[in-house]
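Shown here: input12.pdb, PDB, C-alpha atoms.
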```pdb
ATOM      1  CA  MET I  21       0.000   0.000   0.000
ATOM      2  CA  ALA I  22       2.747   2.437   0.997
ATOM      3  CA  LYS I  23       4.507   1.905  -2.330
ATOM      4  CA  ASN I  24       1.293   2.518  -4.296
ATOM      5  CA  LYS I  25       0.718   5.702  -2.328
ATOM      6  CA  LEU I  26       4.287   6.781  -3.035
ATOM      7  CA  ASN I  27       3.842   6.116  -6.765
ATOM      8  CA  LYS I  28       0.560   8.056  -6.798
ATOM      9  CA  ASN I  29       2.176  10.975  -4.986
ATOM     10  CA  TRP I  30       5.068  10.946  -7.456
ATOM     11  CA  LEU I  31       2.655  10.830 -10.409
ATOM     12  CA  HIS I  32       0.596  13.675  -8.970
ATOM     13  CA  ASP I  33       3.719  15.802  -8.396
ATOM     14  CA  HIS I  34       5.054  14.930 -11.856
ATOM     15  CA  ILE I  35       1.835  15.790 -13.712
ATOM     16  CA  ASN I  36       1.531  19.094 -11.823
ATOM     17  CA  ASP I  37       5.214  19.960 -12.087
ATOM     18  CA  PRO I  38       5.485  23.326 -13.905
ATOM     19  CA  TYR I  39       8.761  22.240 -15.553
ATOM     20  CA  VAL I  40       7.150  19.050 -16.893
ATOM     21  CA  LYS I  41       4.341  21.167 -18.377
ATOM     22  CA  LEU I  42       6.814  23.653 -19.824
ATOM     23  CA  ALA I  43       8.919  20.869 -21.365
ATOM     24  CA  GLN I  44       5.810  19.410 -23.033
ATOM     25  CA  LYS I  45       4.804  22.853 -24.301
ATOM     26  CA  GLU I  46       8.260  23.693 -25.664
ATOM     27  CA  GLY I  47       8.867  20.257 -27.173
ATOM     28  CA  TYR I  48      11.644  19.094 -24.845
ATOM     29  CA  ARG I  49      11.943  15.435 -23.874
ATOM     30  CA  ALA I  50      12.548  15.973 -20.149
ATOM     31  CA  ARG I  51      12.251  18.662 -17.474
ATOM     32  CA  ALA I  52      16.033  18.318 -16.918
ATOM     33  CA  VAL I  53      16.499  20.740 -19.819
ATOM     34  CA  TYR I  54      15.661  23.679 -17.545
ATOM     35  CA  LYS I  55      18.542  22.841 -15.201
ATOM     36  CA  LEU I  56      20.980  23.172 -18.090
ATOM     37  CA  LYS I  57      19.181  26.256 -19.442
ATOM     38  CA  GLU I  58      19.483  28.127 -16.138
ATOM     39  CA  ILE I  59      23.169  27.237 -15.722
ATOM     40  CA  ASP I  60      23.889  28.121 -19.357
ATOM     41  CA  GLU I  61      22.123  31.474 -19.077
ATOM     42  CA  SER I  62      24.165  32.455 -16.013
ATOM     43  CA  GLU I  63      27.499  31.063 -17.249
ATOM     44  CA  LYS I  64      27.214  31.572 -21.049
ATOM     45  CA  LEU I  65      28.501  28.026 -21.645
ATOM     46  CA  ILE I  66      27.009  27.264 -25.063
ATOM     47  CA  LYS I  67      28.099  29.379 -28.025
ATOM     48  CA  PRO I  68      27.887  28.948 -31.812
ATOM     49  CA  GLY I  69      30.828  27.124 -33.363
ATOM     50  CA  GLN I  70      31.514  24.913 -30.348
ATOM     51  CA  VAL I  71      32.060  21.168 -30.117
ATOM     52  CA  ILE I  72      29.764  19.876 -27.349
ATOM     53  CA  ILE I  73      29.727  16.325 -25.982
ATOM     54  CA  ASP I  74      26.720  15.146 -23.957
ATOM     55  CA  LEU I  75      27.546  12.088 -21.821
ATOM     56  CA  GLY I  76      24.553   9.980 -20.818
ATOM     57  CA  SER I  77      22.500  11.976 -23.303
ATOM     58  CA  THR I  78      19.299   9.853 -23.424
ATOM     59  CA  PRO I  79      16.434  10.848 -23.605
ATOM     60  CA  GLY I  80      18.042  13.894 -25.184
ATOM     61  CA  SER I  81      16.723  17.124 -23.658
ATOM     62  CA  TRP I  82      20.224  18.534 -23.024
ATOM     63  CA  SER I  83      21.251  17.745 -26.618
ATOM     64  CA  GLN I  84      17.998  19.357 -27.819
ATOM     65  CA  TYR I  85      18.787  22.524 -25.869
ATOM     66  CA  ALA I  86      22.375  22.661 -27.158
ATOM     67  CA  ARG I  87      21.100  22.116 -30.693
ATOM     68  CA  ASN I  88      18.640  24.998 -30.366
ATOM     69  CA  LYS I  89      21.443  27.269 -29.090
ATOM     70  CA  LEU I  90      23.672  26.389 -32.072
ATOM     71  CA  ALA I  91      20.900  26.576 -34.678
ATOM     72  CA  GLY I  92      21.109  29.187 -37.412
ATOM     73  CA  GLN I  93      18.655  32.065 -37.317
ATOM     74  CA  ASN I  94      16.946  30.822 -40.498
ATOM     75  CA  GLY I  95      16.725  27.169 -39.465
ATOM     76  CA  GLY I  96      18.748  24.756 -41.614
ATOM     77  CA  GLY I  97      21.586  23.110 -39.720
ATOM     78  CA  ILE I  98      23.691  24.226 -36.786
ATOM     79  CA  HIS I  99      26.922  26.155 -36.354
ATOM     80  CA  GLY I 100      28.956  23.683 -34.325
ATOM     81  CA  THR I 101      29.017  19.973 -33.476
ATOM     82  CA  ILE I 102      26.979  18.096 -30.860
ATOM     83  CA  ILE I 103      27.698  14.480 -29.956
ATOM     84  CA  GLY I 104      25.536  12.495 -27.559
ATOM     85  CA  LEU I 105      26.719   9.208 -26.018
ATOM     86  CA  ASP I 106      24.629   6.759 -24.039
ATOM     87  CA  MET I 107      24.260   3.051 -23.391
ATOM     88  CA  LEU I 108      20.494   3.465 -23.887
ATOM     89  CA  PRO I 109      19.016   4.204 -27.315
ATOM     90  CA  MET I 110      17.998   7.802 -28.053
ATOM     91  CA  GLU I 111      15.422   8.986 -30.555
ATOM     92  CA  PRO I 112      17.248  10.969 -33.268
ATOM     93  CA  ILE I 113      17.628  14.737 -32.908
ATOM     94  CA  ALA I 114      18.297  16.806 -36.030
ATOM     95  CA  ASP I 115      21.993  17.764 -36.400
ATOM     96  CA  VAL I 116      23.037  15.758 -33.308
ATOM     97  CA  HIS I 117      25.437  12.824 -33.705
ATOM     98  CA  PHE I 118      24.522   9.949 -31.401
ATOM     99  CA  ILE I 119      26.770   7.064 -30.361
ATOM    100  CA  LEU I 120      25.072   4.095 -28.723
ATOM    101  CA  GLY I 121      27.515   2.432 -26.355
ATOM    102  CA  ASP I 122      29.832   2.799 -23.381
ATOM    103  CA  PHE I 123      32.194   5.759 -23.801
ATOM    104  CA  ARG I 124      34.952   3.777 -22.051
ATOM    105  CA  GLU I 125      34.987   1.155 -24.829
ATOM    106  CA  ASP I 126      37.054   1.275 -28.019
ATOM    107  CA  ASN I 127      34.087   0.918 -30.363
ATOM    108  CA  SER I 128      32.409   4.067 -28.979
ATOM    109  CA  LEU I 129      35.695   5.974 -28.797
ATOM    110  CA  ASN I 130      36.508   5.088 -32.425
ATOM    111  CA  GLN I 131      33.132   6.458 -33.518
ATOM    112  CA  LEU I 132      33.768   9.573 -31.439
ATOM    113  CA  GLU I 133      37.180  10.134 -33.025
ATOM    114  CA  GLN I 134      35.674   9.799 -36.512
ATOM    115  CA  ILE I 135      33.196  12.588 -35.751
ATOM    116  CA  LEU I 136      35.758  14.800 -34.003
ATOM    117  CA  HIS I 137      38.406  14.565 -36.774
ATOM    118  CA  GLY I 138      41.138  15.512 -34.318
ATOM    119  CA  ARG I 139      39.148  18.316 -32.694
ATOM    120  CA  LYS I 140      38.561  18.620 -28.942
ATOM    121  CA  ALA I 141      35.373  19.541 -27.115
ATOM    122  CA  ASP I 142      34.708  23.070 -25.856
ATOM    123  CA  LEU I 143      32.110  21.742 -23.428
ATOM    124  CA  VAL I 144      31.453  18.322 -21.883
ATOM    125  CA  LEU I 145      28.046  17.823 -20.259
ATOM    126  CA  SER I 146      27.121  14.952 -17.953
ATOM    127  CA  ASP I 147      23.653  14.484 -16.479
ATOM    128  CA  MET I 148      24.617  10.895 -15.654
ATOM    129  CA  ALA I 149      23.611   9.403 -12.319
ATOM    130  CA  PRO I 150      23.910   5.865 -10.972
ATOM    131  CA  ASN I 151      20.965   3.787  -9.815
ATOM    132  CA  LEU I 152      20.857   4.689  -6.141
ATOM    133  CA  SER I 153      20.319   1.968  -3.535
ATOM    134  CA  GLY I 154      19.572   4.167  -0.532
ATOM    135  CA  VAL I 155      22.726   2.866   1.191
ATOM    136  CA  GLY I 156      24.703   6.069   1.743
ATOM    137  CA  VAL I 157      28.263   4.763   1.495
ATOM    138  CA  ALA I 158      27.563   2.551  -1.534
ATOM    139  CA  ASP I 159      25.710   5.344  -3.341
ATOM    140  CA  ALA I 160      28.498   7.844  -2.595
ATOM    141  CA  ALA I 161      31.031   5.454  -4.164
ATOM    142  CA  ARG I 162      28.860   5.045  -7.282
ATOM    143  CA  ILE I 163      28.380   8.798  -7.674
ATOM    144  CA  GLU I 164      32.099   9.425  -7.254
ATOM    145  CA  HIS I 165      32.910   6.719  -9.809
ATOM    146  CA  ILE I 166      30.656   8.306 -12.456
ATOM    147  CA  ILE I 167      32.183  11.737 -11.829
ATOM    148  CA  ASP I 168      35.692  10.256 -12.052
ATOM    149  CA  LEU I 169      34.744   8.836 -15.461
ATOM    150  CA  ALA I 170      33.452  12.243 -16.622
ATOM    151  CA  ILE I 171      36.661  13.988 -15.458
ATOM    152  CA  GLU I 172      38.795  11.332 -17.142
ATOM    153  CA  PHE I 173      36.786  11.721 -20.356
ATOM    154  CA  ALA I 174      37.129  15.517 -20.251
ATOM    155  CA  ARG I 175      40.891  15.281 -19.739
ATOM    156  CA  ALA I 176      41.160  13.090 -22.835
ATOM    157  CA  HIS I 177      38.684  14.817 -25.159
ATOM    158  CA  MET I 178      38.293  18.441 -24.043
ATOM    159  CA  LYS I 179      40.279  21.558 -24.928
ATOM    160  CA  PRO I 180      42.449  22.820 -22.049
ATOM    161  CA  SER I 181      40.266  25.963 -22.013
ATOM    162  CA  GLY I 182      37.031  23.933 -21.995
ATOM    163  CA  ALA I 183      34.365  23.363 -19.340
ATOM    164  CA  LEU I 184      32.881  20.257 -17.718
ATOM    165  CA  LEU I 185      29.403  20.306 -16.141
ATOM    166  CA  VAL I 186      28.388  17.237 -14.098
ATOM    167  CA  LYS I 187      25.459  16.206 -11.955
ATOM    168  CA  CYS I 188      26.389  15.437  -8.365
ATOM    169  CA  PHE I 189      24.612  14.868  -5.042
ATOM    170  CA  ASN I 190      25.358  16.754  -1.853
ATOM    171  CA  GLY I 191      25.941  14.055   0.764
ATOM    172  CA  ILE I 192      28.569  11.546   1.826
ATOM    173  CA  GLY I 193      31.737  11.997  -0.242
ATOM    174  CA  TYR I 194      30.684  15.366  -1.691
ATOM    175  CA  THR I 195      33.658  17.242  -0.229
ATOM    176  CA  GLN I 196      36.069  14.739  -1.824
ATOM    177  CA  ILE I 197      34.398  15.251  -5.206
ATOM    178  CA  ILE I 198      34.680  19.053  -4.887
ATOM    179  CA  GLU I 199      38.353  18.581  -3.983
ATOM    180  CA  LYS I 200      38.896  16.454  -7.110
ATOM    181  CA  PHE I 201      37.326  19.178  -9.238
ATOM    182  CA  ARG I 202      39.557  21.814  -7.622
ATOM    183  CA  ASN I 203      42.605  19.673  -8.363
ATOM    184  CA  GLU I 204      41.617  19.421 -12.042
ATOM    185  CA  PHE I 205      40.133  22.834 -12.886
ATOM    186  CA  LYS I 206      41.193  26.432 -12.384
ATOM    187  CA  THR I 207      37.628  27.579 -11.661
ATOM    188  CA  VAL I 208      35.023  25.460  -9.860
ATOM    189  CA  SER I 209      31.461  26.498  -9.039
ATOM    190  CA  GLN I 210      28.458  24.734  -7.520
ATOM    191  CA  LYS I 211      25.033  25.213  -9.107
ATOM    192  CA  LYS I 212      21.569  24.434  -7.731
ATOM    193  CA  PRO I 213      19.140  25.423 -10.496
ATOM    194  CA  LYS I 214      15.504  26.206  -9.668
ATOM    195  CA  ALA I 215      14.383  23.163 -11.688
ATOM    196  CA  SER I 216      16.235  20.910  -9.214
ATOM    197  CA  LYS I 217      13.606  19.913  -6.687
ATOM    198  CA  ASP I 218      14.065  21.466  -3.234
ATOM    199  CA  LYS I 219      14.002  18.109  -1.459
ATOM    200  CA  SER I 220      16.602  16.666  -3.851
ATOM    201  CA  SER I 221      20.280  16.711  -2.865
ATOM    202  CA  GLU I 222      21.109  17.101  -6.564
ATOM    203  CA  ILE I 223      23.677  19.779  -7.328
ATOM    204  CA  PHE I 224      25.757  20.518 -10.435
ATOM    205  CA  LEU I 225      29.487  21.108 -10.502
ATOM    206  CA  LEU I 226      31.063  23.259 -13.186
ATOM    207  CA  GLY I 227      34.806  23.099 -13.803
ATOM    208  CA  LYS I 228      36.441  25.526 -16.232
ATOM    209  CA  THR I 229      39.975  25.352 -17.701
ATOM    210  CA  LEU I 230      42.087  22.285 -16.989
ATOM    211  CA  LYS I 231      45.018  22.852 -14.625
ATOM    212  CA  ASN I 232      47.229  20.129 -16.082
ATOM    213  CA  PRO I 233      46.020  19.264 -19.600
ATOM    214  CA  LEU I 234      47.324  16.058 -21.165
TER     215      LEU I 234
END
```

As structure tokens, please, write out the structure in this file.
Amino acid sequence: MAKNKLNKNWLHDHINDPYVKLAQKEGYRARAVYKLKEIDESEKLIKPGQVIIDLGSTPGSWSQYARNKLAGQNGGGIHGTIIGLDMLPMEPIADVHFILGDFREDNSLNQLEQILHGRKADLVLSDMAPNLSGVGVADAARIEHIIDLAIEFARAHMKPSGALLVKCFNGIGYTQIIEKFRNEFKTVSQKKPKASKDKSSEIFLLGKTLKNPL
């Protein structure tokens, strides 16, 4: 019974969520788009001509937003390159390259290199999150692992002057993650967009300019 009540409460909150309604109205695939939009508007992250890589891109709302920012005024193509990677399939988005697979594996990396043609990313986005178990220590380790992977990816595929934006959770292990970011990037800021639910510990970390590029 408790679980059913929980599901009903979630459904009620979801249906009445203003960001869910706005996403449906504006044609975005998920409310998460407004987290990126708010951060982008304050930080001016996405600019025409950039190479943007979206890790864990499915269902695609962040790639949709980036695509709209890079779109020409008269429609018809984009000024820049957007590449989404995910282990889950993603419905196609116009002008967005999508690689289905694990970005740690050679097959995905080979596809990535073919699209990049020797270029590096200006911006790496990661809205990735592990499946949380509710066991604090185990979840903290999973979150840290995913962020380590995003940092490692950025070091390999991002311009030294680039930026990495990752989803994180403020809880056990958070200070260590912030410390890692400070070791890697010259500028580090913490972002809690309005579209992040108040009761959620979700927070975004933005690192700009690698300290020790490869």

* To do: Name the residues in contact with Gly97 (chain I) at a cut-off of 7 Å, using all atoms listed in the file, excluding same-chain residues fewer than 4 positions from it; report them as a PyMOL selection string.
  => chain I and resi 91-92+115

Could you write out that same residue set with C-alpha atoms as a PDB file, keeping the file's coordinate frame?
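Result file follows (part05.pdb):
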```
ATOM      1  CA  ALA I  91      20.900  26.576 -34.678  1.00  0.00           C
ATOM      2  CA  GLY I  92      21.109  29.187 -37.412  1.00  0.00           C
ATOM      3  CA  ASP I 115      21.993  17.764 -36.400  1.00  0.00           C
TER       4      ASP I 115
END
```

* Asked: Pick from I:Leu75, I:Ala215, I:Ala43, I:Val208: nearest to Leu143 (chain I), with all atoms listed in the file counted?
  ->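 Distance minimum relative to Leu143 (chain I) lands on I:Leu75.
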
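Here CA of Val144 (chain I) and CA of Asp74 (chain I) stand 6.1 Å from one another.
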
Could you make a table, as JSON lines, of the residues of region 139-225 of chain I that have an atom within 10 Å of an atom of region 121-135 of chain I, each with its nearest atom pair and distance in Å to one decimal, counting only C-alpha atoms, in chain and number order?
```
{"residue": "I:Arg139", "atom": "CA", "partner": "I:Glu133", "partner_atom": "CA", "distance": 8.4}
{"residue": "I:Lys140", "atom": "CA", "partner": "I:Glu133", "partner_atom": "CA", "distance": 9.5}
{"residue": "I:Leu169", "atom": "CA", "partner": "I:Arg124", "partner_atom": "CA", "distance": 8.3}
{"residue": "I:Ala170", "atom": "CA", "partner": "I:Phe123", "partner_atom": "CA", "distance": 9.8}
{"residue": "I:Glu172", "atom": "CA", "partner": "I:Arg124", "partner_atom": "CA", "distance": 9.8}
{"residue": "I:Phe173", "atom": "CA", "partner": "I:Phe123", "partner_atom": "CA", "distance": 8.3}
{"residue": "I:His177", "atom": "CA", "partner": "I:Glu133", "partner_atom": "CA", "distance": 9.3}
```

Save out the residues we just selected, C-alpha atoms, as an mmCIF file, in the frame of the given file.
```cif
data_model
loop_
_atom_site.group_PDB
_atom_site.id
_atom_site.type_symbol
_atom_site.label_atom_id
_atom_site.label_comp_id
_atom_site.auth_asym_id
_atom_site.auth_seq_id
_atom_site.Cartn_x
_atom_site.Cartn_y
_atom_site.Cartn_z
ATOM 1 C CA ARG I 139 39.148 18.316 -32.694
ATOM 2 C CA LYS I 140 38.561 18.620 -28.942
ATOM 3 C CA LEU I 169 34.744 8.836 -15.461
ATOM 4 C CA ALA I 170 33.452 12.243 -16.622
ATOM 5 C CA GLU I 172 38.795 11.332 -17.142
ATOM 6 C CA PHE I 173 36.786 11.721 -20.356
ATOM 7 C CA HIS I 177 38.684 14.817 -25.159
#
```

* To do: Go through I:Val155, I:Ala183, I:Ile102, I:Ile198 and flag the residue nearest Asp168 (chain I), using all atoms listed in the file for the distances.
  =>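 Result for the nearest residue to Asp168 (chain I): I:Ile198.
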
* To do: Apply the PyMOL selection byres ((chain I and resi 39) around 12) to the structure shown and report the selected residues as a PyMOL selection string.
  => chain I and resi 33-38+40-55+57+213-217

* Structure fact -> Using all atoms listed in the file, the residue out of I:Ile197, I:Ala141, I:Ala161, I:Val71 with shortest distance to Arg175 (chain I) is I:Ala141

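We find CA of Pro150 (chain I) and CA of Ser83 (chain I) to be spaced 19.8 Å apart.
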
* **Given the PyMOL selection byres ((chain I and resi 84) around 9), the residues it picks as number ranges by chain** => I: 48-49, 53, 80-83, 85-89, 113-114, 116

Report the residues retrieved by the PyMOL selection byres ((chain I and resi 160) around 12) from the displayed file, expressed as an mmCIF file with C-alpha atoms, in the coordinates of the input.
```
data_model
loop_
_atom_site.group_PDB
_atom_site.id
_atom_site.type_symbol
_atom_site.label_atom_id
_atom_site.label_comp_id
_atom_site.auth_asym_id
_atom_site.auth_seq_id
_atom_site.Cartn_x
_atom_site.Cartn_y
_atom_site.Cartn_z
ATOM 1 C CA ALA I 149 23.611 9.403 -12.319
ATOM 2 C CA PRO I 150 23.910 5.865 -10.972
ATOM 3 C CA ASN I 151 20.965 3.787 -9.815
ATOM 4 C CA LEU I 152 20.857 4.689 -6.141
ATOM 5 C CA SER I 153 20.319 1.968 -3.535
ATOM 6 C CA GLY I 154 19.572 4.167 -0.532
ATOM 7 C CA VAL I 155 22.726 2.866 1.191
ATOM 8 C CA GLY I 156 24.703 6.069 1.743
ATOM 9 C CA VAL I 157 28.263 4.763 1.495
ATOM 10 C CA ALA I 158 27.563 2.551 -1.534
ATOM 11 C CA ASP I 159 25.710 5.344 -3.341
ATOM 12 C CA ALA I 161 31.031 5.454 -4.164
ATOM 13 C CA ARG I 162 28.860 5.045 -7.282
ATOM 14 C CA ILE I 163 28.380 8.798 -7.674
ATOM 15 C CA GLU I 164 32.099 9.425 -7.254
ATOM 16 C CA HIS I 165 32.910 6.719 -9.809
ATOM 17 C CA ILE I 166 30.656 8.306 -12.456
ATOM 18 C CA ILE I 167 32.183 11.737 -11.829
ATOM 19 C CA CYS I 188 26.389 15.437 -8.365
ATOM 20 C CA PHE I 189 24.612 14.868 -5.042
ATOM 21 C CA ASN I 190 25.358 16.754 -1.853
ATOM 22 C CA GLY I 191 25.941 14.055 0.764
ATOM 23 C CA ILE I 192 28.569 11.546 1.826
ATOM 24 C CA GLY I 193 31.737 11.997 -0.242
ATOM 25 C CA TYR I 194 30.684 15.366 -1.691
ATOM 26 C CA THR I 195 33.658 17.242 -0.229
ATOM 27 C CA GLN I 196 36.069 14.739 -1.824
ATOM 28 C CA ILE I 197 34.398 15.251 -5.206
#
```

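Picture a line from CA of Asn232 (chain I) to CA of Gly138 (chain I); it runs 19.8 Å.
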
Since the input lacks atoms, please generate N, CA and C atoms for region 44-78 of chain I and provide them as a PDB file, in the coordinates of the input.
```
ATOM      1  N   GLN I  44       6.780  19.918 -22.051  1.00  0.00           N
ATOM      2  CA  GLN I  44       5.810  19.410 -23.033  1.00  0.00           C
ATOM      3  C   GLN I  44       5.423  20.523 -24.015  1.00  0.00           C
ATOM      4  N   LYS I  45       5.217  21.717 -23.474  1.00  0.00           N
ATOM      5  CA  LYS I  45       4.804  22.853 -24.301  1.00  0.00           C
ATOM      6  C   LYS I  45       5.902  23.250 -25.290  1.00  0.00           C
ATOM      7  N   GLU I  46       7.153  23.227 -24.825  1.00  0.00           N
ATOM      8  CA  GLU I  46       8.260  23.693 -25.664  1.00  0.00           C
ATOM      9  C   GLU I  46       8.917  22.575 -26.470  1.00  0.00           C
ATOM     10  N   GLY I  47       8.381  21.355 -26.335  1.00  0.00           N
ATOM     11  CA  GLY I  47       8.867  20.257 -27.173  1.00  0.00           C
ATOM     12  C   GLY I  47      10.143  19.601 -26.690  1.00  0.00           C
ATOM     13  N   TYR I  48      10.462  19.759 -25.404  1.00  0.00           N
ATOM     14  CA  TYR I  48      11.644  19.094 -24.845  1.00  0.00           C
ATOM     15  C   TYR I  48      11.260  17.737 -24.251  1.00  0.00           C
ATOM     16  N   ARG I  49      12.232  16.819 -24.270  1.00  0.00           N
ATOM     17  CA  ARG I  49      11.943  15.435 -23.874  1.00  0.00           C
ATOM     18  C   ARG I  49      11.946  15.210 -22.369  1.00  0.00           C
ATOM     19  N   ALA I  50      12.496  16.144 -21.605  1.00  0.00           N
ATOM     20  CA  ALA I  50      12.548  15.973 -20.149  1.00  0.00           C
ATOM     21  C   ALA I  50      12.681  17.334 -19.480  1.00  0.00           C
ATOM     22  N   ARG I  51      12.181  17.411 -18.243  1.00  0.00           N
ATOM     23  CA  ARG I  51      12.251  18.662 -17.474  1.00  0.00           C
ATOM     24  C   ARG I  51      13.701  19.047 -17.142  1.00  0.00           C
ATOM     25  N   ALA I  52      14.617  18.058 -17.236  1.00  0.00           N
ATOM     26  CA  ALA I  52      16.033  18.318 -16.918  1.00  0.00           C
ATOM     27  C   ALA I  52      16.620  19.431 -17.780  1.00  0.00           C
ATOM     28  N   VAL I  53      15.992  19.706 -18.913  1.00  0.00           N
ATOM     29  CA  VAL I  53      16.499  20.740 -19.819  1.00  0.00           C
ATOM     30  C   VAL I  53      16.604  22.091 -19.112  1.00  0.00           C
ATOM     31  N   TYR I  54      15.691  22.357 -18.175  1.00  0.00           N
ATOM     32  CA  TYR I  54      15.661  23.679 -17.545  1.00  0.00           C
ATOM     33  C   TYR I  54      16.779  23.853 -16.520  1.00  0.00           C
ATOM     34  N   LYS I  55      17.356  22.753 -16.075  1.00  0.00           N
ATOM     35  CA  LYS I  55      18.542  22.841 -15.201  1.00  0.00           C
ATOM     36  C   LYS I  55      19.717  23.356 -16.035  1.00  0.00           C
ATOM     37  N   LEU I  56      19.899  22.733 -17.200  1.00  0.00           N
ATOM     38  CA  LEU I  56      20.980  23.172 -18.090  1.00  0.00           C
ATOM     39  C   LEU I  56      20.746  24.598 -18.571  1.00  0.00           C
ATOM     40  N   LYS I  57      19.510  24.920 -18.917  1.00  0.00           N
ATOM     41  CA  LYS I  57      19.181  26.256 -19.442  1.00  0.00           C
ATOM     42  C   LYS I  57      19.556  27.340 -18.430  1.00  0.00           C
ATOM     43  N   GLU I  58      19.191  27.112 -17.164  1.00  0.00           N
ATOM     44  CA  GLU I  58      19.483  28.127 -16.138  1.00  0.00           C
ATOM     45  C   GLU I  58      20.997  28.288 -15.944  1.00  0.00           C
ATOM     46  N   ILE I  59      21.706  27.171 -15.900  1.00  0.00           N
ATOM     47  CA  ILE I  59      23.169  27.237 -15.722  1.00  0.00           C
ATOM     48  C   ILE I  59      23.813  27.908 -16.938  1.00  0.00           C
ATOM     49  N   ASP I  60      23.337  27.533 -18.125  1.00  0.00           N
ATOM     50  CA  ASP I  60      23.889  28.121 -19.357  1.00  0.00           C
ATOM     51  C   ASP I  60      23.638  29.626 -19.401  1.00  0.00           C
ATOM     52  N   GLU I  61      22.447  30.041 -19.001  1.00  0.00           N
ATOM     53  CA  GLU I  61      22.123  31.474 -19.077  1.00  0.00           C
ATOM     54  C   GLU I  61      22.970  32.295 -18.107  1.00  0.00           C
ATOM     55  N   SER I  62      23.340  31.699 -16.962  1.00  0.00           N
ATOM     56  CA  SER I  62      24.165  32.455 -16.013  1.00  0.00           C
ATOM     57  C   SER I  62      25.656  32.376 -16.359  1.00  0.00           C
ATOM     58  N   GLU I  63      26.069  31.282 -17.003  1.00  0.00           N
ATOM     59  CA  GLU I  63      27.499  31.063 -17.249  1.00  0.00           C
ATOM     60  C   GLU I  63      27.922  31.260 -18.707  1.00  0.00           C
ATOM     61  N   LYS I  64      26.924  31.410 -19.600  1.00  0.00           N
ATOM     62  CA  LYS I  64      27.214  31.572 -21.049  1.00  0.00           C
ATOM     63  C   LYS I  64      28.111  30.432 -21.560  1.00  0.00           C
ATOM     64  N   LEU I  65      27.683  29.195 -21.297  1.00  0.00           N
ATOM     65  CA  LEU I  65      28.501  28.026 -21.645  1.00  0.00           C
ATOM     66  C   LEU I  65      28.435  27.678 -23.130  1.00  0.00           C
ATOM     67  N   ILE I  66      27.233  27.776 -23.702  1.00  0.00           N
ATOM     68  CA  ILE I  66      27.009  27.264 -25.063  1.00  0.00           C
ATOM     69  C   ILE I  66      27.013  28.410 -26.065  1.00  0.00           C
ATOM     70  N   LYS I  67      27.966  28.318 -27.023  1.00  0.00           N
ATOM     71  CA  LYS I  67      28.099  29.379 -28.025  1.00  0.00           C
ATOM     72  C   LYS I  67      28.234  28.758 -29.407  1.00  0.00           C
ATOM     73  N   PRO I  68      27.768  29.455 -30.442  1.00  0.00           N
ATOM     74  CA  PRO I  68      27.887  28.948 -31.812  1.00  0.00           C
ATOM     75  C   PRO I  68      29.334  28.601 -32.150  1.00  0.00           C
ATOM     76  N   GLY I  69      29.505  27.541 -32.923  1.00  0.00           N
ATOM     77  CA  GLY I  69      30.828  27.124 -33.363  1.00  0.00           C
ATOM     78  C   GLY I  69      31.489  26.094 -32.452  1.00  0.00           C
ATOM     79  N   GLN I  70      30.890  25.829 -31.310  1.00  0.00           N
ATOM     80  CA  GLN I  70      31.514  24.913 -30.348  1.00  0.00           C
ATOM     81  C   GLN I  70      31.341  23.444 -30.721  1.00  0.00           C
ATOM     82  N   VAL I  71      32.222  22.621 -30.123  1.00  0.00           N
ATOM     83  CA  VAL I  71      32.060  21.168 -30.117  1.00  0.00           C
ATOM     84  C   VAL I  71      31.574  20.813 -28.706  1.00  0.00           C
ATOM     85  N   ILE I  72      30.392  20.208 -28.643  1.00  0.00           N
ATOM     86  CA  ILE I  72      29.764  19.876 -27.349  1.00  0.00           C
ATOM     87  C   ILE I  72      29.523  18.379 -27.279  1.00  0.00           C
ATOM     88  N   ILE I  73      29.948  17.764 -26.182  1.00  0.00           N
ATOM     89  CA  ILE I  73      29.727  16.325 -25.982  1.00  0.00           C
ATOM     90  C   ILE I  73      28.817  16.143 -24.777  1.00  0.00           C
ATOM     91  N   ASP I  74      27.751  15.374 -24.982  1.00  0.00           N
ATOM     92  CA  ASP I  74      26.720  15.146 -23.957  1.00  0.00           C
ATOM     93  C   ASP I  74      26.795  13.684 -23.511  1.00  0.00           C
ATOM     94  N   LEU I  75      27.404  13.456 -22.340  1.00  0.00           N
ATOM     95  CA  LEU I  75      27.546  12.088 -21.821  1.00  0.00           C
ATOM     96  C   LEU I  75      26.258  11.666 -21.121  1.00  0.00           C
ATOM     97  N   GLY I  76      25.817  10.441 -21.404  1.00  0.00           N
ATOM     98  CA  GLY I  76      24.553   9.980 -20.818  1.00  0.00           C
ATOM     99  C   GLY I  76      23.403  10.811 -21.354  1.00  0.00           C
ATOM    100  N   SER I  77      23.389  10.985 -22.675  1.00  0.00           N
ATOM    101  CA  SER I  77      22.500  11.976 -23.303  1.00  0.00           C
ATOM    102  C   SER I  77      21.020  11.596 -23.325  1.00  0.00           C
ATOM    103  N   THR I  78      20.703  10.302 -23.321  1.00  0.00           N
ATOM    104  CA  THR I  78      19.299   9.853 -23.424  1.00  0.00           C
ATOM    105  C   THR I  78      18.484  10.340 -22.222  1.00  0.00           C
TER     106      THR I  78
END
```
